[in-house]
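Everything below concerns the one structure shown next.
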Amino acid sequence: MVKQSDQVCVVKGWQEGPVIDESTLKDDLTRHFYYTLGRDKVGESQHYLYHALALTIRDRLVARCRETNQQIKQEKRRKTAYLSLEFLMGRALGNAVLNLDLDEQVSSALQEYCTTIETIEDAEHDAGLGNGGLGRLAACFLDSCASLALPVIGYGLRYEYGMFNQSIKDGNQIEQPDNWLREGHPWELSAPEHAKRVKFGGYVQSYTDKFGREHRQWMGSQDVLAVPYDVPVPGYKNNIVNTLRLWKSEATDEFNLTEFNAGSYSEAVAQKNLAEQITMVLYPNDSSENGKELRLRQQYFLSSASIQDVVDQWLSQHGESFSDFADFHAFQLNDTHPSIAVAELMRILIDDYELDWNDAWQITTKTMAYTNHTLLPEALEKWSVSLFSKLLPRILEIVYEINARFLAQVAQQWPGDVEKQRALSLIEEGDEPQIRMAYLAIVGSYSVNGVAALHTELLKAGLFKEFYALWPDKFNNKTNGVTPRRWLAHCNPVLSELIGEKIGHDWVKNFSKISDLRRFYDDKSFHEQWQNAKRENKQRLVDLVKARCDIDFDVSMMFDVQVKRIHEYKRQLLNILHVIHLYDRIRRGDTQGLVPRCVLLGGKAAPGYYMAKKIIKLINNVAEVINKDPQAAPYLRVAFLPNYNVTAMEVICPATDLSEQVSTAGKEASGTGNMKFMMNGALTIGTLDGANIEIRDAVGADNFFLFGAQAHEIDDIKSRYNPEHLISQNSDLKNVMQLLESGHFNLFEPCLFDDITNAIKSPHDPWLVAHDFESYVAAQKEVDKAYADRTYWTQMSILNTAASGLFSSDRTISQYSEDIWHLEPLNISETDLTTAKS
Ligand code: H53
């Protein structure tokens with residue numbers, strides 16, 4: 001040890017920077033395996049070997065992470081904190097190996113253990129700290145931020161239980177807890193020295209300081225400790241390693257002590273449980289809220305701990321003046337979930353650092369930026385004032401004050417318009433007054449963005465119309481993207497190699513280069529290579545479907561796939577109606593022009609979502625009947641893949657021919673699965689919704705199968721909607737409904753699908769399933785025609801990949817940085833990492 005100052009001792013060799021000697025990966029692996037983990041045999045699951053390899057790679061990540069943080073600190077860089085209740089990271093190993101360029105070293109090290117990275121990878125649990133699109137987007141964004149060398153730190157919650165594991169029993173979804181930490185999480189490093197206290201409950205009182213100034217003070221709270229666990233986020237071959245800081249809730253020590261001394265041992269332990277409950281489990285609702293108190297606790301816990309963390313770092317570097325805090329920080333709120341951060345930053349600045357209201361508001365509204373991800377009203381959060389007052393009394397006062405000042409502004413803009421005030425108020429009146437959290441986010445932010453062009457336009461014209469009138473410049477669009485590292489380079493090595501041979505490997509870093517593939521549009525031998533790659537990927541999926549569903553898919557058939565959360569607006573129902581229609585045609589011998597298909601569906605339903613669960617049951621029952629019918633076998637096979645997750649998608653999207661993106665227009669904010677499929681050369685059948693519109697524009701209308709009502713037509717259609725009439729007029733739909741209503745798919749379970757058939761026939765069906773059926777079937781016929789011409793299909797497939805450059809999250813993040821965050825890239829050279837040996 002080298003004594004540096006009175007307080008700080010730095011380990012010798014580290015005082016000038018980290019030492020990296022990568023020739024020792026093999027030795028490190030052995031050391032971790034034998035000594036850190038104390039093993040000498042590779043077990044059947046290869047778990048310990050995976051663990052040792054993860055630790056070996058983590059060593060390399062830690063070194064780079066330290067260097068990254070040092071540069072941010074030393075150069076006083078402006079940085080962004082990305083606040084999200086969800087980060088759906090999936091597995092880390094393969095991604096780290098790719099981004100650190102360790103492929104060869106790892107392969108050769110593993111040879112000594114007679115195994116491969118592919119085998120080892122299977123021992124890693126998915127980090128399923130998210131529900132679906134929103135959480136996975138956050139994960140893609142982190143990869144892009146690090147790969148673009150931008151100083152961005154992710155803040156989230158370290159749920160003990162992530163997204164539940166789904167199994168299927170008798171066609172029904174069964175939920176099992178995902179105890180993903182059971183075997184340890186080797187990637188994380190805890191930092192208890194940076195723990196924060198988060199207040200809940202108590203009351204507010206006034207006091208006057210020695211200068212006679214009035215203050216408000218949050219007293220008598222039951223504090224919970226937020227302990228950070230840092231997960232490294234490597235950039236692609238650039239030596240940058242950013243941090244995802246996940247908070248775990250723990251009981252404070254002294255709390256237990258006082259209770260214990262008072263003789264209330266059991267009460268003390270119960271309180272401890274209460275504190276630990278906060279990060280116990282991820283709420284499994286995607287695009288809908290359940291309004292539970294614990295969920296509000298989670299939201300405040302994340303917001304408070306994260307803002308305290310940023311403020312503490314500021315204080316240690318800049319002292320107690322906050323005058324230029326906003327020049328150095330942006331907070332990006334991932335959806336409405338963490339919008340309470342607006343009030344929390346105000347509270348900290350005013351109560352803890354005694355800024356006056358106006359200064360604090362200036363800082364807050366110059367640092368907060370809000371991303372909206374949905375137009376669905378059930379996903380726009382509201383919290384009752386009474387709950388707020390019980391749980392977060394000081395925050396409620398601040399929200400009231402923000403509202404009062406905001407409504408004064410509204411009154412100025414629209415004098416005498418009481419209705420406007422009522423409509424825009426952060427507090428919704430009624431028997432049980434509610435706080436409109438999205439409004440709090442808009443009022444408190446300098447930027448408000450939607451996630452696809454149509455979505456942003458609909459926000460401006462509908463949901464947030466008045467806010468747009470008030471502050472047009474706040475509103476902007478940032479169309480989503482996905483990382484080409486995980487979603488092409490890592491998950492589709494065969495295609496990636498082929499692409500690399502033709503256009504070089506630079507596309508992984510600079511994804512706009514992918515458009516160079518267009519040059520091979522007419523190249524016959526390239527077509528063959530392209531088809532071979534797809535076939536190889538299809539075989540991987542065939543094996544997965546066989547293993548998980550015991551259903552035989554066939555690589556010579558078209559792979560038609562819809563995987564995503566199960567939700568009525570996403571219309572898995574429409575898809576299964578088409579499957580029933582195909583089955584009906586086969587039974588009638590009407591097989592002219594029918595292209596043999598394997599239809600795959602997958603996704604989780606929120607445990608309390610009745611209709612979504614019914615839809616899963618329907619899919620499984622239909623699959624069972626069709627797969628058993630020898631007449632159908634040459635033409636049609638159907639499977640529902642249980643437990644769809646990030647890792648499953650890594651096998652699915654490279655193997656897909658046809659991507660189903662069939663939401664009711666105006667309901668899917670963006671979609672991101674659509675982009676992963678496109679990158680991997682699938683063609684899309686879809687509505688003009690979310691990013692589908694931009695996908696179609698990019699690849700050209702001829703290379704996209706369009707159907708369905710458009711967003712601007714929906715209201716009119718609804719006003720005169722008569723599905724029973726549509727059914728009577730369309731013999732295909734009539735046959736499908738007859739099969740369903742006759743109990744063909746539920747022979748021993750009478751009335752099982754009545755709720756579904758009734759929903760389709762209801763004139764109030766908001767999803768317009770019957771309306772879009774006809775054009776959907778017509779578009780599917782076009783798909784068959786196109787698929788039958790192998791050259792034509794291959795050309796369209798190549799064009800899809802070639803046109804996917806726009807949908808890289810690198811493009812999205814560059815735009816966030818350019819327009820909202822204003823960050824400068826870091827630069828860490830190889831010498832920065834290897835100097836400093838002393
Ligand atoms: O966010 C995705 C979008 C997708 C949208 C999804 C989403 C959630 O997964 C959860 C809550 C929410 O408000 C929105 O449904 O359309 O692609 C990422 O932006």
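Each chain in the structure tokens gets a letter, A, B, ..., in the order shown, and its residues are numbered from 1; ligands are numbered from 1 in order too.
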To check your reading of the model: which residues sit at most 7 Å from ligand 1 when counting only C-alpha atoms and all ligand atoms? Write the answer as a ChimeraX atom specification.
/A:131-135,137,286-288,335,372-374,379,451,480,668-672,690
Which residues of segment 612-703 of chain A sit at most 12 Å from segment 792-802 of chain A, using only C-alpha atoms? Give each one's shortest atom pair and distance in Å (one decimal place), in chain and ascending residue order, as JSON lines.
{"residue": "A:Pro654", "atom": "CA", "partner": "A:Thr801", "partner_atom": "CA", "distance": 11.1}
{"residue": "A:Thr656", "atom": "CA", "partner": "A:Ser797", "partner_atom": "CA", "distance": 10.5}
{"residue": "A:Asp657", "atom": "CA", "partner": "A:Ser797", "partner_atom": "CA", "distance": 8.2}
{"residue": "A:Leu658", "atom": "CA", "partner": "A:Ser797", "partner_atom": "CA", "distance": 9.7}
{"residue": "A:Ser659", "atom": "CA", "partner": "A:Ser797", "partner_atom": "CA", "distance": 11.5}
{"residue": "A:Asn674", "atom": "CA", "partner": "A:Asn800", "partner_atom": "CA", "distance": 11.2}
{"residue": "A:Met675", "atom": "CA", "partner": "A:Thr801", "partner_atom": "CA", "distance": 9.6}
{"residue": "A:Lys676", "atom": "CA", "partner": "A:Thr801", "partner_atom": "CA", "distance": 9.6}
{"residue": "A:Phe677", "atom": "CA", "partner": "A:Thr801", "partner_atom": "CA", "distance": 8.8}
{"residue": "A:Met678", "atom": "CA", "partner": "A:Asn800", "partner_atom": "CA", "distance": 5.6}
{"residue": "A:Met679", "atom": "CA", "partner": "A:Thr801", "partner_atom": "CA", "distance": 4.5}
{"residue": "A:Asn680", "atom": "CA", "partner": "A:Thr801", "partner_atom": "CA", "distance": 6.0}
{"residue": "A:Gly681", "atom": "CA", "partner": "A:Ser797", "partner_atom": "CA", "distance": 4.6}
{"residue": "A:Ala682", "atom": "CA", "partner": "A:Ser797", "partner_atom": "CA", "distance": 5.9}
{"residue": "A:Leu683", "atom": "CA", "partner": "A:Ser797", "partner_atom": "CA", "distance": 6.2}
{"residue": "A:Thr684", "atom": "CA", "partner": "A:Asn800", "partner_atom": "CA", "distance": 9.0}
{"residue": "A:Ile695", "atom": "CA", "partner": "A:Asn800", "partner_atom": "CA", "distance": 8.7}
{"residue": "A:Arg696", "atom": "CA", "partner": "A:Asn800", "partner_atom": "CA", "distance": 9.3}
{"residue": "A:Asp697", "atom": "CA", "partner": "A:Asn800", "partner_atom": "CA", "distance": 11.1}
{"residue": "A:Ala698", "atom": "CA", "partner": "A:Asn800", "partner_atom": "CA", "distance": 8.5}
{"residue": "A:Val699", "atom": "CA", "partner": "A:Asn800", "partner_atom": "CA", "distance": 5.8}
{"residue": "A:Gly700", "atom": "CA", "partner": "A:Leu799", "partner_atom": "CA", "distance": 9.0}
{"residue": "A:Ala701", "atom": "CA", "partner": "A:Met796", "partner_atom": "CA", "distance": 10.9}
{"residue": "A:Asp702", "atom": "CA", "partner": "A:Met796", "partner_atom": "CA", "distance": 8.5}
{"residue": "A:Asn703", "atom": "CA", "partner": "A:Met796", "partner_atom": "CA", "distance": 5.7}
Please run DSSP on the backbone and report, as number ranges by chain, all residues within segment 682-832 of chain A that come out as helix (DSSP H, G or I).
A: 692-699, 701-703, 711-719, 723-729, 731-741, 754-761, 769-788, 790-802, 804-807, 809-821, 830-832
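If only C-alpha atoms are the atoms counted, then among A:Lys292, A:Tyr569, A:Pro232, A:Asn692 the closest residue to Ala63 of chain A is A:Pro232.
Closest approach to Cys653 of chain A among A:Leu600, A:Val42, A:Ala411, A:Ile120 is made by A:Leu600 (distances from only C-alpha atoms).
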Selection near Ser525 of chain A, 12 Å with only C-alpha atoms, sequence-local residues under 5 positions removed, as a count of residues only:
8
Residues within 12 Å of Val646 of chain A, only C-alpha atoms, excluding chain neighbours under 6 positions, as a PyMOL selection string
chain A and resi 87-92+125-133+135-137+139-140+163+486-487+491+563-564+602-603+652-653+673+676
Same residues, N, CA and C atoms, output as a short mmCIF file (atom, residue, chain, number, x, y, z; two decimals), in the first residue's frame:
data_model
loop_
_atom_site.label_atom_id
_atom_site.label_comp_id
_atom_site.auth_asym_id
_atom_site.auth_seq_id
_atom_site.Cartn_x
_atom_site.Cartn_y
_atom_site.Cartn_z
N PHE A 87 -34.72 -2.22 -16.75
CA PHE A 87 -33.60 -2.46 -17.67
C PHE A 87 -33.61 -3.95 -18.00
N LEU A 88 -34.04 -4.27 -19.19
CA LEU A 88 -34.17 -5.67 -19.58
C LEU A 88 -32.88 -6.09 -20.29
N MET A 89 -31.86 -6.43 -19.49
CA MET A 89 -30.51 -6.58 -20.04
C MET A 89 -30.30 -7.93 -20.74
N GLY A 90 -31.02 -8.97 -20.33
CA GLY A 90 -30.73 -10.29 -20.90
C GLY A 90 -29.39 -10.80 -20.35
N ARG A 91 -28.70 -11.59 -21.14
CA ARG A 91 -27.40 -12.10 -20.70
C ARG A 91 -26.30 -11.09 -20.98
N ALA A 92 -25.24 -11.18 -20.16
CA ALA A 92 -24.14 -10.22 -20.28
C ALA A 92 -22.89 -10.80 -20.94
N HIS A 125 -28.26 -16.83 -16.37
CA HIS A 125 -29.67 -16.43 -16.31
C HIS A 125 -29.84 -15.09 -17.00
N ASP A 126 -30.96 -14.88 -17.66
CA ASP A 126 -31.27 -13.54 -18.17
C ASP A 126 -31.47 -12.60 -16.99
N ALA A 127 -30.92 -11.40 -17.11
CA ALA A 127 -31.30 -10.36 -16.15
C ALA A 127 -32.61 -9.78 -16.67
N GLY A 128 -33.71 -10.25 -16.12
CA GLY A 128 -35.03 -9.89 -16.65
C GLY A 128 -35.66 -8.76 -15.87
N LEU A 129 -34.93 -7.66 -15.73
CA LEU A 129 -35.43 -6.57 -14.89
C LEU A 129 -36.31 -5.62 -15.69
N GLY A 130 -37.17 -6.20 -16.51
CA GLY A 130 -38.06 -5.38 -17.32
C GLY A 130 -39.15 -6.24 -17.90
N ASN A 131 -40.18 -5.57 -18.40
CA ASN A 131 -41.35 -6.27 -18.92
C ASN A 131 -41.26 -6.58 -20.40
N GLY A 132 -40.87 -5.56 -21.16
CA GLY A 132 -40.93 -5.70 -22.61
C GLY A 132 -40.19 -4.56 -23.27
N GLY A 133 -40.85 -3.92 -24.23
CA GLY A 133 -40.21 -2.91 -25.08
C GLY A 133 -39.48 -1.80 -24.32
N GLY A 135 -38.24 -1.65 -21.26
CA GLY A 135 -37.06 -2.08 -20.53
C GLY A 135 -35.93 -2.49 -21.46
N ARG A 136 -36.30 -3.13 -22.57
CA ARG A 136 -35.27 -3.56 -23.51
C ARG A 136 -34.68 -2.34 -24.22
N LEU A 137 -35.52 -1.34 -24.48
CA LEU A 137 -35.02 -0.10 -25.10
C LEU A 137 -33.95 0.51 -24.21
N ALA A 139 -32.00 -0.96 -22.21
CA ALA A 139 -30.78 -1.77 -22.31
C ALA A 139 -30.04 -1.47 -23.62
N CYS A 140 -30.78 -1.36 -24.72
CA CYS A 140 -30.14 -1.01 -26.00
C CYS A 140 -29.49 0.37 -25.92
N MET A 163 -38.81 -10.39 -14.16
CA MET A 163 -40.00 -10.82 -14.88
C MET A 163 -40.26 -12.31 -14.59
N ARG A 486 -25.96 -6.53 -30.19
CA ARG A 486 -26.68 -7.71 -29.72
C ARG A 486 -27.57 -8.29 -30.80
N TRP A 487 -28.25 -7.37 -31.55
CA TRP A 487 -29.34 -7.83 -32.41
C TRP A 487 -28.93 -8.17 -33.84
N CYS A 491 -26.24 -12.06 -32.14
CA CYS A 491 -27.26 -13.11 -32.24
C CYS A 491 -27.25 -13.81 -33.59
N VAL A 563 -43.76 -12.43 -31.67
CA VAL A 563 -43.34 -12.57 -30.26
C VAL A 563 -43.29 -11.19 -29.63
N LYS A 564 -43.96 -11.02 -28.52
CA LYS A 564 -44.04 -9.75 -27.80
C LYS A 564 -45.00 -9.98 -26.64
N GLY A 602 -45.32 -16.09 -29.16
CA GLY A 602 -44.75 -16.18 -27.82
C GLY A 602 -44.93 -14.86 -27.12
N GLY A 603 -44.97 -14.90 -25.79
CA GLY A 603 -45.09 -13.66 -25.02
C GLY A 603 -45.78 -13.92 -23.70
N ILE A 652 -34.69 -16.42 -32.13
CA ILE A 652 -35.88 -16.29 -32.98
C ILE A 652 -35.66 -15.31 -34.14
N CYS A 653 -35.14 -14.11 -33.83
CA CYS A 653 -35.17 -13.11 -34.92
C CYS A 653 -34.25 -13.45 -36.10
N GLY A 673 -39.25 -4.74 -31.57
CA GLY A 673 -39.10 -6.08 -32.15
C GLY A 673 -39.12 -5.96 -33.66
N LYS A 676 -35.68 -5.40 -34.87
CA LYS A 676 -34.76 -6.54 -34.75
C LYS A 676 -34.99 -7.52 -35.90
#
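Considering the residues A:Phe475, A:Tyr400, A:Trp383, A:Tyr161 and counting only C-alpha atoms, Arg436 of chain A has its shortest atom-to-atom contact with A:Trp383.
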